[in-house]
Amino acid sequence: MIPYVRSLWYMAAWAEEVPSGSFLTRKVLDQPWLIMRLEDGSFTMLADRCPHRFAPLSRGRREGDSVFCGYHGLGFNALGKCVHNPFGTMMPPGAKVATYPILERHSALWFWPGDKEKADPELIPDFSFVEGPAVHQRAHLTMQANYELVTDNLMDLSHAEFLHDKTFGVNGALFVGRHAVRVDDTGAVWNNWDMDASTPPDWAKLLLAGDEKVDQWLHMRWHAPASMALFIGMAHSNSERTRLVVPPMCNPHIITPETSRSSHYFYTSEPGEEAAELARRVFVEEDEPMLEAVQEALGDGDLWSANPVSLPSDAGAIRARRELMKLRGLEVD
Amino acid sequence: MIPYVRSLWYMAAWAEEVPSGSFLTRKVLDQPWLIMRLEDGSFTMLADRCPHRFAPLSRGRREGDSVFCGYHGLGFNALGKCVHNPFGTMMPPGAKVATYPILERHSALWFWPGDKEKADPELIPDFSFVEGPAVHQRAHLTMQANYELVTDNLMDLSHAEFLHDKTFGVNGALFVGRHAVRVDDTGAVWNNWDMDASTPPDWAKLLLAGDEKVDQWLHMRWHAPASMALFIGMAHSNSERTRLVVPPMCNPHIITPETSRSSHYFYTSEPGEEAAELARRVFVEEDEPMLEAVQEALGDGDLWSANPVSLPSDAGAIRARRELMKLRGLEVD
Amino acid sequence: MIPYVRSLWYMAAWAEEVPSGSFLTRKVLDQPWLIMRLEDGSFTMLADRCPHRFAPLSRGRREGDSVFCGYHGLGFNALGKCVHNPFGTMMPPGAKVATYPILERHSALWFWPGDKEKADPELIPDFSFVEGPAVHQRAHLTMQANYELVTDNLMDLSHAEFLHDKTFGVNGALFVGRHAVRVDDTGAVWNNWDMDASTPPDWAKLLLAGDEKVDQWLHMRWHAPASMALFIGMAHSNSERTRLVVPPMCNPHIITPETSRSSHYFYTSEPGEEAAELARRVFVEEDEPMLEAVQEALGDGDLWSANPVSLPSDAGAIRARRELMKLRGLEVD
């Protein structure tokens with residue numbers, strides 16, 4: 001199995017998923033965890049595994065900021081320290097629950113599974129737009145595919161012309177676009193499609209004069225391990241992108257490994273039940289079956305050992321994979 | 001996988017589970033077996049696997065004390081010897097079905113999967129109380145956890161204060177008890193909780209004067225591999241346990257590995273549908289989910305290699321594990 | 001896992017199972033494949049796996065004799081050659097889908113998974129009787145057992161006296177028959193049961209005088225890997241098999257590995273819904289549960305390593321296994 005890069009921020013949950021006075025349980029990086037919202041509004045992330053006989057702590061109960069095992073009653077505080085032993089006043093030596101640093105940033109909770117010393121909050125990728133003026137609905141689902149396969153999918157939006165031709169109505173615009181990959185100074189890989197002077201989609205024609213052309217763009221930004229942001233825009237042609245036809249759109253596509261073969265997918269959709277259902281349907285009915293099938297074809301094998309044929313449109317996905325390989329190499333050494 | 005200790009008596013079934021003129025099929029120690037009640041009232045235990053093409057003999061038919069394979073018709077007697085070949089009078093050489101010594105003792109059937117020479121019936125632990133004056137209902141279920149995890153559960157009754165706080169109403173009595181572990185001269189490990197001069201449970205107050213205190217005890221006896229008996233008592237305080245408040249109770253908790261990750265659980269409950277349902281519910285709804293979760297957390301790994309934190313209340317469970325390790329060591333050498 | 005013999009013809013499907021203008025998808029020899037009927041009436045068999053990102057091509061669409069991947073749009077012709085790249089005019093180097101030679105012969109499609117140079121159509125076993133005067137219904141099912149276990153079943157028809165005693169009404173005729181195994185000059189192994197001057201089954205008595213005896217025979221022909229044909233006959237006794245009581249019957253029993261633990265079963269049944277249902281029922285309700293149980297007992301192990309007891313009636317099955325071992329040995333060397 002390919003090791004996870006550990007000294008990175010991973011998204012654990014939307015803050016609103018974590019109830020007060022109870023727990024959210026979530027498996028990430030192959031292990032079960034328990035996330036608690038503390039009384040002071042901060043969060044803690046504890047291994048969902050009592051160090052005594054390995055009962056899941058989530059089968060116990062919460063009291064204040066502590067959690068009590070439901071099997072033999074040991075109590076642990078938010079730092080994972082044993083603070084209660086029902087059959088004695090001595091705390092058993094070594095009774096400590098593993099923790100990960102976790103913090104809230106722009107409605108999302110981020111955890112750091114690597115060396116705690118290096119857990120610099122400044123390294124969390126900027127998803128401030130999630131709280132921007134266009135407030136969207138935040139959502140979460142899991143997909144039965146490795147997170148790098150989900151990344152491949154998102155970093156090669158050319159698939160929308162085929163897999164989502166019924167739902168996104170991209171109408172072949174990508175076929176005539178310019179495609180470029182670049183790395184910015186935050187280490188992000190950008191995979192950009194730009195379709196200048198292109199035919200607008202039907203819904204936009206009402207906002208345009210006659211057969212006016214538009215400049216459209218789809219820019220996907222990737223930060224390791226698999227935290228992506230999609231920037232979509234449409235401007236009147238020959239306006240240097242200053243005169244927008246509609247407000248720009250930004251969407252998070254943040255992926256966290258649940259296991260080596262399944263992934264958490266954090267995303268947003270436009271307001272309203274219908275939009276939420278459309279987004280869910282595209283992910284669950286169009287992307288997921290394809291990704292599951294690819295996962296099934298690859299098994300536990302590495303993509304590269306299956307000798308994939310490469311296309312120019314893969315450049316962004318391949319660049320992201322290479323960045324991750326570089327980071328993995330640093331940690332394995 | 002941790003090997004089973006083979007030169008031991010294991011419980012196979014309650015005698016009444018085995019029908020006349022047919023078979024009981026049961027998987028034990030990872031292999032399928034067939035148990036027959038013979039015409040003379042004794043029992044036989046045959047591998048449920050024809051030596052010809054490995055069809056389960058239980059898919060065949062029984063005639064007298066013999067079983068006939070349903071695939072190609074070979075017949076075997078109660079000793080596993082081939083006694084019928086439909087296409088010839090010669091019995092095929094080597095055509096023998098494996099058997100285990102099995103015998104009935106106090107309503108239970110015990111089998112010996114090890115060296116037959118050593119199968120001394122005197123070594124069967126004493127469960128004669130099952131047929132004592134307080135006739136209880138005998139029952140069987142399977143749990144999705146390794147038999148040693150079930151033993152841990154039973155040899156550390158402190159869990160009742162948490163896992164069974166709604167059903168057993170132990171009301172914290174164990175918190176004030178004395179706890180001791182000893183080994184008797186039959187090799188049994190006893191894990192004893194004694195709560196002298198303790199507050200009686202609500203149901204007992206009707207039998208007592210005013211705010212009289214009682215001496216209560218919970219003594220669990222373990223024989224390898226995992227055959228346990230629980231002795232429960234309540235006496236008027238300062239009576240040296242001679243004046244009992246209620247008749248003493250004895251309950252079998254006999255565990256036999258089905259596979260390395262699942263166990264047969266043989267137990268009894270007090271008379272009546274309701275009592276049977278309560279016992280089943282405690283095992284199936286309270287113990288089993290916890291044990292399954294612990295099994296899931298440990299996977300196929302050994303408990304010790306997961307570095308468990310130890311508590312004084314574990315002493316009995318750990319002693320039982322050590323006895324079994326000792327026996328295992330003798331067989332592996 | 002025991003390797004498949006590759007330089008052999010295997011049956012893939014009945015030709016009528018393959019729709020026009022679309023695909024049949026079928027897993028054989030552990031891999032998913034896609035079978036297309038081409039516009040000229042011939043067939044092609046392509047790996048159901050795009051060489052770009054391993055999406056199943058069957059999730060795409062067909063156009064003419066080409067198939068287009070539903071993930072990123074690459075198109076491949078009937079030879080597996082990449083003929084369409086939606087984002088450029090250059091075909092990506094190495095973009096080739098694996099193919100197997102496949103051809104139609106007497107209503108069945110045969111593929112050759114080995115060295116293409118050796119794929120001589122003359123080596124396809126003769127199943128011309130499938131299109132003979134007694135037109136039967138062709139059918140397909142899968143069984144959860146290794147193909148050699150299914151072969152064992154078919155090459156030892158003595159099991160019919162036990163497993164099918166309710167459905168086939170063989171009435172013990174095999175018990176009095178002569179049994180012989182021979183290899184013919186096409187390399188076929190014949191497993192022949194001949195019951196001369198035997199009591200006819202009830203249904204045949206109406207066609208016979210008084211208590212006339214009949215000569216009956218059941219001859220099973222096997223070609224590697226597991227393509228079998230059953231020839232059944234009944235003649236008036238002392239007629240040297242020239243005066244038949246009923247027309248002779250020939251049935252295909254052609255087995256192709258789906259995986260190492262499951263098999264495709266191609267067969268025919270007599271005309272009519274009822275006959276189809278009877279055949280299906282015998283295979284699915286009588287043979288399959290027994291074969292699944294044997295598979296479960298053996299696991300992934302080899303039959304021989306489980307030390308089976310051998311009976312004279314196994315001679316044909318054992319001979320077929322030996323022939324296959326010989327072929328396997330030639331390919332492994």
# chains A, B, ... in the order shown; residues from 1 in each chain; ligands from 1
>>> closest_atom_pairs(of="chain C", to="chain A", cutoff="7 Å", atoms="only C-alpha atoms", output="Markdown table")
| residue | atom | partner | partner_atom | distance |
| --- | --- | --- | --- | --- |
| C:Pro51 | CA | A:Val309 | CA | 5.7 |
| C:His52 | CA | A:Val309 | CA | 4.5 |
| C:Arg53 | CA | A:Pro308 | CA | 6.1 |
| C:Phe54 | CA | A:Val294 | CA | 5.6 |
| C:Ala55 | CA | A:Val294 | CA | 5.2 |
| C:Pro56 | CA | A:Ala293 | CA | 6.8 |
| C:Gly70 | CA | A:Phe162 | CA | 5.7 |
| C:Tyr71 | CA | A:His159 | CA | 5.5 |
| C:His72 | CA | A:His159 | CA | 4.8 |
| C:Gly73 | CA | A:Phe162 | CA | 6.4 |
| C:Phe87 | CA | A:Phe175 | CA | 6.0 |
| C:Pro92 | CA | A:Leu311 | CA | 6.3 |
| C:Gly94 | CA | A:Val309 | CA | 6.4 |
| C:Ala95 | CA | A:Val309 | CA | 6.0 |
>>> residues_around(residues="range 206-210 of chain C", least_positions_apart="5", cutoff="12 Å", atoms="only C-alpha atoms", output="list in words")
Thr199, Pro200, Pro201, Met234, Ala235, His236, Ser237, Arg243, Leu244, Val245 and Val246 of chain C
>>> write_last_selection(atoms="N, CA, C and O atoms", output="CSV table (one decimal), in the first residue's frame")
chain,number,residue,atom,x,y,z
C,199,THR,N,-32.8,-52.7,-17.6
C,199,THR,CA,-34.3,-52.4,-17.4
C,199,THR,C,-34.5,-51.0,-17.9
C,199,THR,O,-33.8,-50.0,-17.5
C,200,PRO,N,-35.4,-50.7,-18.8
C,200,PRO,CA,-35.7,-49.4,-19.3
C,200,PRO,C,-36.3,-48.5,-18.2
C,200,PRO,O,-37.0,-49.0,-17.3
C,201,PRO,N,-36.1,-47.2,-18.3
C,201,PRO,CA,-36.9,-46.3,-17.4
C,201,PRO,C,-38.4,-46.3,-17.7
C,201,PRO,O,-38.8,-46.7,-18.8
C,234,MET,N,-30.4,-45.1,-26.5
C,234,MET,CA,-31.1,-46.3,-26.1
C,234,MET,C,-31.6,-47.1,-27.3
C,234,MET,O,-32.2,-46.6,-28.2
C,235,ALA,N,-31.2,-48.4,-27.3
C,235,ALA,CA,-31.5,-49.3,-28.4
C,235,ALA,C,-32.2,-50.6,-27.9
C,235,ALA,O,-32.0,-51.0,-26.8
C,236,HIS,N,-32.9,-51.2,-28.8
C,236,HIS,CA,-33.5,-52.5,-28.5
C,236,HIS,C,-32.3,-53.4,-28.3
C,236,HIS,O,-31.3,-53.4,-29.0
C,237,SER,N,-32.4,-54.2,-27.2
C,237,SER,CA,-31.3,-55.2,-26.9
C,237,SER,C,-31.0,-56.1,-28.1
C,237,SER,O,-32.0,-56.4,-28.8
C,243,ARG,N,-31.2,-50.6,-33.8
C,243,ARG,CA,-32.6,-50.2,-33.7
C,243,ARG,C,-32.8,-49.4,-32.5
C,243,ARG,O,-32.9,-49.9,-31.4
C,244,LEU,N,-32.8,-48.1,-32.7
C,244,LEU,CA,-32.9,-47.2,-31.5
C,244,LEU,C,-34.3,-47.1,-31.1
C,244,LEU,O,-35.3,-47.1,-31.9
C,245,VAL,N,-34.5,-47.0,-29.8
C,245,VAL,CA,-35.9,-46.8,-29.2
C,245,VAL,C,-36.3,-45.4,-29.4
C,245,VAL,O,-37.5,-45.1,-29.7
C,246,VAL,N,-35.4,-44.4,-29.1
C,246,VAL,CA,-35.6,-43.0,-29.3
C,246,VAL,C,-34.4,-42.4,-30.1
C,246,VAL,O,-33.4,-43.0,-30.0
>>> select_by_dssp(residues="range 33-221 of chain A", states="helix (DSSP H, G or I)", output="PDB file with N, CA and C atoms, in the first residue's frame")
ATOM      1  N   LEU A  57     -14.132   4.589  21.676  1.00  0.00           N
ATOM      2  CA  LEU A  57     -14.610   5.551  22.680  1.00  0.00           C
ATOM      3  C   LEU A  57     -15.977   6.110  22.297  1.00  0.00           C
ATOM      4  N   SER A  58     -16.279   6.109  21.008  1.00  0.00           N
ATOM      5  CA  SER A  58     -17.567   6.658  20.578  1.00  0.00           C
ATOM      6  C   SER A  58     -18.738   5.805  21.067  1.00  0.00           C
ATOM      7  N   ARG A  59     -18.456   4.593  21.570  1.00  0.00           N
ATOM      8  CA  ARG A  59     -19.517   3.791  22.189  1.00  0.00           C
ATOM      9  C   ARG A  59     -19.709   4.181  23.656  1.00  0.00           C
ATOM     10  N   LYS A 116       3.815  16.842  14.828  1.00  0.00           N
ATOM     11  CA  LYS A 116       3.030  17.956  15.384  1.00  0.00           C
ATOM     12  C   LYS A 116       3.799  19.277  15.368  1.00  0.00           C
ATOM     13  N   GLU A 117       5.116  19.192  15.488  1.00  0.00           N
ATOM     14  CA  GLU A 117       5.954  20.396  15.517  1.00  0.00           C
ATOM     15  C   GLU A 117       5.775  21.230  14.251  1.00  0.00           C
ATOM     16  N   LYS A 118       5.478  20.535  13.173  1.00  0.00           N
ATOM     17  CA  LYS A 118       5.439  21.212  11.879  1.00  0.00           C
ATOM     18  C   LYS A 118       4.050  21.700  11.493  1.00  0.00           C
ATOM     19  N   PRO A 121      -0.464  26.465  10.972  1.00  0.00           N
ATOM     20  CA  PRO A 121      -1.781  26.792  10.392  1.00  0.00           C
ATOM     21  C   PRO A 121      -1.666  27.611   9.106  1.00  0.00           C
ATOM     22  N   GLU A 122      -0.557  28.325   8.943  1.00  0.00           N
ATOM     23  CA  GLU A 122      -0.389  29.098   7.710  1.00  0.00           C
ATOM     24  C   GLU A 122      -0.349  28.216   6.464  1.00  0.00           C
ATOM     25  N   LEU A 123      -0.094  26.930   6.683  1.00  0.00           N
ATOM     26  CA  LEU A 123       0.003  26.018   5.534  1.00  0.00           C
ATOM     27  C   LEU A 123      -1.365  25.524   5.045  1.00  0.00           C
ATOM     28  N   SER A 128     -11.046  30.544   1.820  1.00  0.00           N
ATOM     29  CA  SER A 128     -11.871  31.595   2.441  1.00  0.00           C
ATOM     30  C   SER A 128     -13.119  31.866   1.602  1.00  0.00           C
ATOM     31  N   PHE A 129     -13.054  31.597   0.303  1.00  0.00           N
ATOM     32  CA  PHE A 129     -14.221  31.882  -0.547  1.00  0.00           C
ATOM     33  C   PHE A 129     -15.456  31.092  -0.111  1.00  0.00           C
ATOM     34  N   VAL A 130     -15.252  30.025   0.649  1.00  0.00           N
ATOM     35  CA  VAL A 130     -16.407  29.243   1.109  1.00  0.00           C
ATOM     36  C   VAL A 130     -17.320  30.118   1.950  1.00  0.00           C
ATOM     37  N   GLU A 131     -16.733  31.105   2.627  1.00  0.00           N
ATOM     38  CA  GLU A 131     -17.536  32.015   3.440  1.00  0.00           C
ATOM     39  C   GLU A 131     -17.762  33.348   2.739  1.00  0.00           C
ATOM     40  N   TYR A 147      -8.071   8.359  -3.130  1.00  0.00           N
ATOM     41  CA  TYR A 147      -8.127   9.825  -3.284  1.00  0.00           C
ATOM     42  C   TYR A 147      -7.350  10.324  -4.488  1.00  0.00           C
ATOM     43  N   GLU A 148      -6.312   9.605  -4.902  1.00  0.00           N
ATOM     44  CA  GLU A 148      -5.574  10.070  -6.081  1.00  0.00           C
ATOM     45  C   GLU A 148      -6.365   9.821  -7.369  1.00  0.00           C
ATOM     46  N   LEU A 149      -7.211   8.803  -7.361  1.00  0.00           N
ATOM     47  CA  LEU A 149      -8.083   8.610  -8.526  1.00  0.00           C
ATOM     48  C   LEU A 149      -9.136   9.716  -8.588  1.00  0.00           C
ATOM     49  N   VAL A 150      -9.606  10.163  -7.416  1.00  0.00           N
ATOM     50  CA  VAL A 150     -10.556  11.284  -7.407  1.00  0.00           C
ATOM     51  C   VAL A 150      -9.841  12.547  -7.877  1.00  0.00           C
ATOM     52  N   THR A 151      -8.583  12.703  -7.466  1.00  0.00           N
ATOM     53  CA  THR A 151      -7.796  13.847  -7.937  1.00  0.00           C
ATOM     54  C   THR A 151      -7.640  13.819  -9.456  1.00  0.00           C
ATOM     55  N   ASP A 152      -7.282  12.659  -9.979  1.00  0.00           N
ATOM     56  CA  ASP A 152      -7.155  12.527 -11.438  1.00  0.00           C
ATOM     57  C   ASP A 152      -8.422  13.030 -12.133  1.00  0.00           C
ATOM     58  N   ASN A 153      -9.550  12.631 -11.568  1.00  0.00           N
ATOM     59  CA  ASN A 153     -10.833  13.011 -12.152  1.00  0.00           C
ATOM     60  C   ASN A 153     -10.981  14.528 -12.175  1.00  0.00           C
ATOM     61  N   LEU A 154     -10.656  15.166 -11.045  1.00  0.00           N
ATOM     62  CA  LEU A 154     -10.892  16.609 -10.925  1.00  0.00           C
ATOM     63  C   LEU A 154      -9.842  17.433 -11.648  1.00  0.00           C
ATOM     64  N   MET A 155      -8.640  16.895 -11.748  1.00  0.00           N
ATOM     65  CA  MET A 155      -7.570  17.640 -12.397  1.00  0.00           C
ATOM     66  C   MET A 155      -7.576  17.441 -13.915  1.00  0.00           C
ATOM     67  N   LEU A 157     -10.519  18.037 -16.254  1.00  0.00           N
ATOM     68  CA  LEU A 157     -11.939  18.337 -16.436  1.00  0.00           C
ATOM     69  C   LEU A 157     -12.441  17.990 -17.827  1.00  0.00           C
ATOM     70  N   SER A 158     -11.536  17.549 -18.713  1.00  0.00           N
ATOM     71  CA  SER A 158     -12.007  17.149 -20.040  1.00  0.00           C
ATOM     72  C   SER A 158     -13.038  16.041 -19.917  1.00  0.00           C
ATOM     73  N   HIS A 159     -13.018  15.324 -18.779  1.00  0.00           N
ATOM     74  CA  HIS A 159     -14.000  14.239 -18.639  1.00  0.00           C
ATOM     75  C   HIS A 159     -15.435  14.762 -18.599  1.00  0.00           C
ATOM     76  N   ALA A 160     -15.592  16.045 -18.260  1.00  0.00           N
ATOM     77  CA  ALA A 160     -16.958  16.594 -18.187  1.00  0.00           C
ATOM     78  C   ALA A 160     -17.658  16.512 -19.544  1.00  0.00           C
ATOM     79  N   GLU A 161     -16.874  16.618 -20.609  1.00  0.00           N
ATOM     80  CA  GLU A 161     -17.470  16.560 -21.949  1.00  0.00           C
ATOM     81  C   GLU A 161     -18.092  15.199 -22.247  1.00  0.00           C
ATOM     82  N   PHE A 162     -17.695  14.182 -21.490  1.00  0.00           N
ATOM     83  CA  PHE A 162     -18.208  12.832 -21.761  1.00  0.00           C
ATOM     84  C   PHE A 162     -19.072  12.341 -20.609  1.00  0.00           C
ATOM     85  N   LEU A 163     -18.494  12.378 -19.408  1.00  0.00           N
ATOM     86  CA  LEU A 163     -19.189  11.788 -18.269  1.00  0.00           C
ATOM     87  C   LEU A 163     -20.354  12.667 -17.821  1.00  0.00           C
ATOM     88  N   ALA A 173     -17.209  23.021 -25.329  1.00  0.00           N
ATOM     89  CA  ALA A 173     -16.367  24.225 -25.204  1.00  0.00           C
ATOM     90  C   ALA A 173     -14.904  23.873 -24.934  1.00  0.00           C
ATOM     91  N   LEU A 174     -14.675  22.840 -24.122  1.00  0.00           N
ATOM     92  CA  LEU A 174     -13.291  22.467 -23.799  1.00  0.00           C
ATOM     93  C   LEU A 174     -12.505  22.028 -25.036  1.00  0.00           C
ATOM     94  N   PHE A 175     -13.236  21.494 -26.033  1.00  0.00           N
ATOM     95  CA  PHE A 175     -12.526  20.987 -27.217  1.00  0.00           C
ATOM     96  C   PHE A 175     -11.763  22.094 -27.940  1.00  0.00           C
ATOM     97  N   VAL A 176     -12.243  23.333 -27.796  1.00  0.00           N
ATOM     98  CA  VAL A 176     -11.604  24.435 -28.513  1.00  0.00           C
ATOM     99  C   VAL A 176     -10.755  25.312 -27.579  1.00  0.00           C
ATOM    100  N   ASP A 202     -26.431  27.860 -23.601  1.00  0.00           N
ATOM    101  CA  ASP A 202     -27.774  28.389 -23.853  1.00  0.00           C
ATOM    102  C   ASP A 202     -28.263  29.327 -22.744  1.00  0.00           C
ATOM    103  N   TRP A 203     -28.033  28.927 -21.490  1.00  0.00           N
ATOM    104  CA  TRP A 203     -28.579  29.724 -20.387  1.00  0.00           C
ATOM    105  C   TRP A 203     -27.996  31.138 -20.353  1.00  0.00           C
ATOM    106  N   ALA A 204     -26.790  31.319 -20.931  1.00  0.00           N
ATOM    107  CA  ALA A 204     -26.125  32.625 -20.871  1.00  0.00           C
ATOM    108  C   ALA A 204     -26.572  33.542 -22.008  1.00  0.00           C
ATOM    109  N   LYS A 205     -27.154  32.974 -23.048  1.00  0.00           N
ATOM    110  CA  LYS A 205     -27.474  33.770 -24.241  1.00  0.00           C
ATOM    111  C   LYS A 205     -28.455  34.898 -23.917  1.00  0.00           C
TER     112      LYS A 205
END
>>> atom_distance(atom1="CA of Ala320 in chain B", atom2="CA of Ala108 in chain B")
22.5 Å
>>> residues_around(residues="Ala229 in chain B", least_positions_apart="4", cutoff="6 Å", atoms="only C-alpha atoms", output="ChimeraX atom specification")
/B:220-221,251-253
>>> select_by_dssp(residues="range 84-230 of chain C", states="strand (DSSP E)", output="JSON, numbers by chain")
{"C": [84, 99, 100, 102, 103, 104, 105, 108, 109, 110, 111, 137, 138, 139, 140, 141, 142, 143, 178, 179, 180, 181, 182, 183, 189, 190, 191, 192, 193, 194, 195, 196, 197, 198, 214, 215, 216, 217, 218, 219, 220, 221, 222, 223, 227, 228, 229, 230]}
>>> atom_distance(atom1="CA of Asp48 in chain A", atom2="CA of Pro113 in chain A")
14.6 Å
>>> residues_around(residues="Ala13 in chain B", least_positions_apart="4", cutoff="9 Å", atoms="only C-alpha atoms", output="JSON list (two decimals) with N, CA and C atoms, in the first residue's frame")
[["chain", "number", "residue", "atom", "x", "y", "z"],
["B", 17, "GLU", "N", -29.48, -30.17, 21.44],
["B", 17, "GLU", "CA", -29.42, -29.56, 20.10],
["B", 17, "GLU", "C", -29.29, -30.60, 18.99],
["B", 18, "VAL", "N", -28.88, -31.81, 19.38],
["B", 18, "VAL", "CA", -28.60, -32.83, 18.35],
["B", 18, "VAL", "C", -29.86, -33.66, 18.13],
["B", 24, "LEU", "N", -26.45, -32.66, 13.62],
["B", 24, "LEU", "CA", -26.22, -31.24, 13.89],
["B", 24, "LEU", "C", -24.92, -30.90, 13.16],
["B", 26, "ARG", "N", -21.91, -28.12, 12.78],
["B", 26, "ARG", "CA", -21.36, -26.99, 13.54],
["B", 26, "ARG", "C", -19.91, -26.80, 13.16],
["B", 35, "ILE", "N", -22.41, -33.71, 14.00],
["B", 35, "ILE", "CA", -22.57, -34.42, 15.26],
["B", 35, "ILE", "C", -23.83, -35.27, 15.17],
["B", 107, "SER", "N", -25.63, -32.71, 30.36],
["B", 107, "SER", "CA", -26.41, -32.04, 29.30],
["B", 107, "SER", "C", -25.57, -31.38, 28.21],
["B", 108, "ALA", "N", -24.26, -31.37, 28.39],
["B", 108, "ALA", "CA", -23.40, -30.75, 27.38],
["B", 108, "ALA", "C", -22.58, -31.82, 26.67],
["B", 109, "LEU", "N", -22.24, -31.57, 25.39],
["B", 109, "LEU", "CA", -21.34, -32.47, 24.66],
["B", 109, "LEU", "C", -19.96, -31.84, 24.60],
["B", 110, "TRP", "N", -18.96, -32.62, 24.93],
["B", 110, "TRP", "CA", -17.58, -32.14, 24.95],
["B", 110, "TRP", "C", -16.74, -32.94, 23.96],
["B", 140, "HIS", "N", -27.76, -21.18, 23.14],
["B", 140, "HIS", "CA", -26.53, -21.10, 22.33],
["B", 140, "HIS", "C", -26.65, -19.92, 21.39],
["B", 264, "HIS", "N", -18.67, -19.65, 19.63],
["B", 264, "HIS", "CA", -19.93, -20.19, 20.16],
["B", 264, "HIS", "C", -20.02, -19.80, 21.63],
["B", 266, "PHE", "N", -22.25, -20.75, 24.95],
["B", 266, "PHE", "CA", -23.25, -21.62, 25.58],
["B", 266, "PHE", "C", -23.56, -21.06, 26.97]]
>>> residues_around(residues="Trp193 in chain C", least_positions_apart="4", cutoff="8 Å", atoms="only C-alpha atoms", output="PyMOL selection string")
chain C and resi 174+177-180+217-219
>>> atom_distance(atom1="CA of Ala139 in chain B", atom2="CA of Asp302 in chain B")
29.4 Å
>>> residues_around(residues="Ile254 in chain B", least_positions_apart="3", cutoff="7 Å", atoms="only C-alpha atoms", output="list in words")
Ala226, Ser227, Met228, Tyr265, Phe266 and Tyr267 of chain B
>>> closest_residue(among="B:Cys250, B:Met325, B:Met36, B:Met91", to="Pro225 in chain B", atoms="only C-alpha atoms")
B:Met325
